[in-house]
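Report on one structure; see the data block that follows.
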Amino acid sequence: QNARYLADYQPYPFILSHTALDFTLVPDATIVRATLSLAPRDAATGVDLVLDGGKDVQLLRLTINGAEADPAHVTRDDEALTIAAAALPSGPFTLETEVQIDPSANTAFEGLYISGGMFCTQCEAEGFRHITFCPDRPDVMATFDVTIHSDKPVLLSNGNPVSQTEGHAEWHDPWPKPAYLFALVAGDLVAISDSFTTLSGRNVALNVWVRPGDEDRAGFAMESLIKSMKWDEDVYGREYDLDVFNIVAVDDFNMGAMENKGLNIFNSKLVLASPETATDLDYERIEGVIAHEYFHNWTGNRITCRDWFQLCLKEGLTVFRDQQFTSDMRSAAVKRIEDVRTLRARQFREDQGPLAHPPRPDHYEEINNFYTATVYEKGAEVIGMLKRLVGDDGYRAALDLYFDRHDGDAATIEDWLKVFEDATGRDLAQFKRWYTDAGTPRLTMREDWAEGTAGGTLTLTFTQETPPTPGQSDKQPRVIPIAVGLIGPNGDEVAPTRVLEMTETEQSFAFDNLGARPVVSALRGFSAPVVLDRQIDDPTRAFLLAHDTDPFARWEAGRDLALSALVALSQGQPGGDDYIDAIGRLIADQDADPAFRALCLALPGEEEVATRLYDLGATPDPDAIHAAREGLARRVAEAHQDLLSEIYDRMVVSGSYSPDAEAAAKRSLRIAALQLLNRIDNGERAEILFGIAGNMTERMAALACLIARGRGQTALQVLEEEFGDNRLVMDKWFTVQPMAAPPADAAAIAAKLAKLPGFDWKNPNRFRALIGGLTANHAGFHAADGAGYDFVADWLMKMDKVNPQIAARMSTAFETWPRYDETRRAKALAALEQIAAIEGLSRNTREMVSRMIA
Ligand code: B3K
Ligand code: ZN
């Protein structure tokens, strides 16, 4: 195999102090001249100079200190250019190359490519090697000077502008950076502009660059940027460090956005928003991702990663920071619940299947396959635990030390943990297992109650066990912070939240002097990313849903109640009465936060039910789960029809649209009511709402309801007529059809849509819209006849030839295949094997598929 190992790390044998680049941009024949200022790290040992460079980089000329290199000393293979030690000076030297590349042929969108006529780049993780020859690794950092020659009106790169004349621009980036943070944009763009004065009085010009005509949809991104800059100063004391900050929106982008120094490049769906075209969720994501990329300026750029194994050093921390930001801007309780939902849906799923890996992996074949929920979201959870263990002051002290000690460094997880040890005096040797071990610990809680003369004692005994994961069969116990509170029988809290620190495989904690036996509120705030297993009956869950003071634990009680009903119902047993009663009481409570009520009202998704069944040792049946969930939703609607219609009629936000948390919360409660009522009014309300709603949030919700009832055709046509030329809205149009369709029709619908001329599948957003829409329909994708598997596999094979990163990423739809019944397993496996058999399959997809088959 071609795996790379963390244990093999060696520093680069040369020091690169400066990189000068000169681009002459021509769509199919761009010339790049690079001048690298190099010096051997250790002058005594003569080593070859190995520069990364892909097959797509054609070398035209190479000089060392101005002299043509002797071809006998230069060797080229598919991945690198090697200059023999014999050809290199023993001291500092200048290496110049001239290469030719073809951005117009770059369909993988890595390196320099063209999107809608605009030149742009994506270099993380290893894209710079498709632009020119260089040491393309994060621990090699240099200052940059960039010159661009092009007839495009707007020419951008990193750092500060030096000169701009027609057809020519120069940029200087004074902050040493690795090549993965390089960026260049050249296009016909317009900006909306603003400015920000930093903590120390530096004036920064801010621009959000979009295509002409999109300016009126860029304002929210700008607002979000300004809020992020302010927040990072207020909360982390971090100030911006250049004269300009540019954001550019592009239509063809493999992921969400990229934190290139001073020049963030964004998928246009994370920049452009108007009430008519974007949903509340889109707005929340835009705010969060703008913040995330901005925060990378300190956590990622000023302090970067030594190697890609350390990816969670920057990603886990930056996700943690953007989560804190969103909690401060919106509702902390709602944000926490949303984050836990995402974590479970994506990361727990990953951790429990064949693709499980630690937040810091110790080997990989293709690093782009490791931009995962484990590296990002679990990486953030691990930091949340650290903060819980050392307290807010300890966390702040550790972060101050981190910025102080490591500014300008390419750091490691060891460095990160060391600042916490040094700032707080804590030993984190055992805690480190969260970074090095894969798998989600199962935590079992047992309660023992003893009456005594001085009052009762409740003893909680926890045991932890982490199931084996690929390559890691033996798991040692971890440090688990377990936040616990106690609620008295009358509903009052008798013991406020206490964080129990579990370090052993089995451990007990006692609560003394209690009047009467309390109800335990465990794992408050989801204090650790574990699966909690406790003996608890539905009436106790309903009690917690009514009385818990911790919003997460309260929501969790409701969710558990719903899951226990859905598990029973999907297995043909009775269930749901306790849930229906409890939910009735909750939604009748006019004082409760609308966002919280909306979260409780939404039934767990079908995949969540499948996961719960699998956790319980059962084989999930997607059709039975779908039927159980539909049946329960209908019963809730029937039981609470009056209450729900009252909510639906009352939760109307008056005045003009605002994407703020409060207005969005009302809409979300209204939509949750609509989704239930839709089961008994045959889409009547949805049809009216689709016709009159002035915002995309309600229109999309209404459309999904109509599709689920098999009467979406007219609304789909209306949307297409209105927004046929708006790519982002048409992406939604492609997603919602297979996603909301009755499962039996989903694969056929997706297949029909794939034949439309509008299915511009080489555009990553459009591909994800359609394929992702189908895979989000649990019973549809896992249809027993294998139609869903075959459809997705066919498209993955097609996409792999064009854009391997997207194909590999989307292949994770198959990662849960081992959970299902014999028939489905055989069909999913056959689909994966068919992909694996393809000749010339990319390294990306090959690695993913072989891990899933293993
Ligand atoms: N750092 C980039 C992700 C790059 C993905 C490369 N396949 C965006 C982010 O996490 O902010
Ligand atoms: Zn990031």
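Chain labels run A, B, ... following the order of the structure tokens; each chain numbers its residues from 1, and ligands are numbered from 1 in the order shown.
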
Can I get the residues close to ligand 1 as a PyMOL selection string, where close means within 10 Å and we count only C-alpha atoms and all ligand atoms? chain A and resi 110+122-127+180-181+254-260+264-266+289-296+300+311-312+314-316+318-319+366-372+375-376+805-806+809

Could you list, as number ranges by chain, every residue within 8 Å of Trp171 in chain A, counting only C-alpha atoms and ignoring same-chain residues fewer than 6 positions away? A: 145-147, 156-163

Between A:Arg321, A:Arg851, A:Lys418, A:Arg667, which is the closest to ligand 2 once you count only C-alpha atoms and all ligand atoms?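 Among A:Arg321, A:Arg851, A:Lys418, A:Arg667, it is A:Arg321 that comes nearest to ligand 2.
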
Let's see if you can do this: from backbone DSSP, list all strand (DSSP E) residues in range 228-408 of chain A, as a PDB file with C-alpha atoms, in the first residue's frame.
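Heads up, here's the output in part_15.pdb:
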ATOM      1  CA  VAL A 244      -7.108  44.102   3.433  1.00  0.00           C
ATOM      2  CA  PHE A 245      -9.359  41.122   3.865  1.00  0.00           C
ATOM      3  CA  ASN A 246     -10.910  39.747   0.702  1.00  0.00           C
ATOM      4  CA  ILE A 247     -13.633  37.145   0.316  1.00  0.00           C
ATOM      5  CA  VAL A 248     -14.465  35.764  -3.120  1.00  0.00           C
ATOM      6  CA  ALA A 249     -17.531  33.690  -4.018  1.00  0.00           C
ATOM      7  CA  VAL A 250     -17.094  30.963  -6.658  1.00  0.00           C
ATOM      8  CA  ALA A 257     -14.734  27.590   1.888  1.00  0.00           C
ATOM      9  CA  MET A 258     -10.999  28.079   2.273  1.00  0.00           C
ATOM     10  CA  LEU A 263      -8.042  35.990   0.543  1.00  0.00           C
ATOM     11  CA  ASN A 264     -10.744  33.581   1.639  1.00  0.00           C
ATOM     12  CA  ILE A 265     -12.397  31.734  -1.219  1.00  0.00           C
ATOM     13  CA  PHE A 266     -15.951  30.581  -0.686  1.00  0.00           C
ATOM     14  CA  ASN A 267     -18.456  28.333  -2.295  1.00  0.00           C
ATOM     15  CA  THR A 304      -0.424  26.121  11.306  1.00  0.00           C
ATOM     16  CA  CYS A 305       0.049  22.335  11.382  1.00  0.00           C
ATOM     17  CA  HIS A 363      -1.641   7.014   8.636  1.00  0.00           C
ATOM     18  CA  TYR A 364      -3.483   7.865   5.450  1.00  0.00           C
TER      19      TYR A 364
END

Can you pull out the residues contacting Asp800 in chain A? Cut-off 10 Å, using only C-alpha atoms, and skip same-chain residues under 3 positions away; I want them as JSON, numbers by chain. {"A": [108, 795, 796, 797, 803, 804, 805, 806, 807, 808, 835, 838, 840, 841, 842, 843, 844, 845, 846]}

I'd like the contact shell of range 598-609 of chain A - 7 Å cut-off, only C-alpha atoms, skipping same-chain residues fewer than 4 positions apart - returned as a PyMOL selection string. chain A and resi 555+558-559+562-563+566-567+594+613+625-626+668-669+672+778

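Nearest-residue note for ligand 2: choosing from A:Tyr12, A:Glu223, A:Ala34, A:Gly379, the minimum distance belongs to A:Gly379, counting only C-alpha atoms and all ligand atoms.
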
Pick out the residues sitting within 7 Å of range 575-587 of chain A, and hand them over as an NGL selection string; count only C-alpha atoms, and ignore anything fewer than 2 positions along from it in its own chain. :A and (538-539 or 542 or 561-562 or 565 or 568-569 or 573 or 589 or 597 or 632 or 636 or 640)

Would you write out those residues with C-alpha atoms, as a compact mmCIF listing (two decimals), in the first residue's frame?
# COMPACT_ATOMS: atom_id res chain seq x y z
CA ASP A 538 -40.57 6.42 29.59
CA PRO A 539 -42.37 8.14 32.51
CA ALA A 542 -41.21 12.48 30.37
CA LEU A 561 -38.85 9.17 24.43
CA ALA A 562 -39.44 9.50 20.69
CA ALA A 565 -41.44 4.74 20.67
CA ALA A 568 -40.89 -0.35 19.43
CA LEU A 569 -43.17 0.63 16.55
CA GLN A 573 -44.74 -3.46 19.08
CA ASP A 589 -46.38 25.70 27.19
CA ARG A 597 -40.28 23.60 21.17
CA LEU A 632 -46.21 8.24 14.88
CA VAL A 636 -49.10 13.25 17.10
CA HIS A 640 -52.75 17.65 19.04

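Closest approach to Ala661 in chain A among A:Asp77, A:Glu365, A:Asp785, A:Asp593: A:Asp593, based on only C-alpha atoms.
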
Neighbouring residues of Arg711 in chain A were defined as those with any atom within 12 Å, considering only C-alpha atoms; residues of the same chain fewer than 2 positions away were excluded. Please report them as a PyMOL selection string. chain A and resi 678+682-684+686-687+702-709+713-717+737+740-742

With a distance cut-off of 6 Å and only C-alpha atoms, select the neighbouring residues of range 183-199 of chain A, excluding the residue or stretch itself and same-chain residues fewer than 4 positions from it, and output the selection as an MDAnalysis selection string. chainID A and resid 118:121 152:157 203:212 260

CA of Ala169 in chain A to CA of Phe182 in chain A: how many Å, to one decimal?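 It comes out at 15.7 Å.
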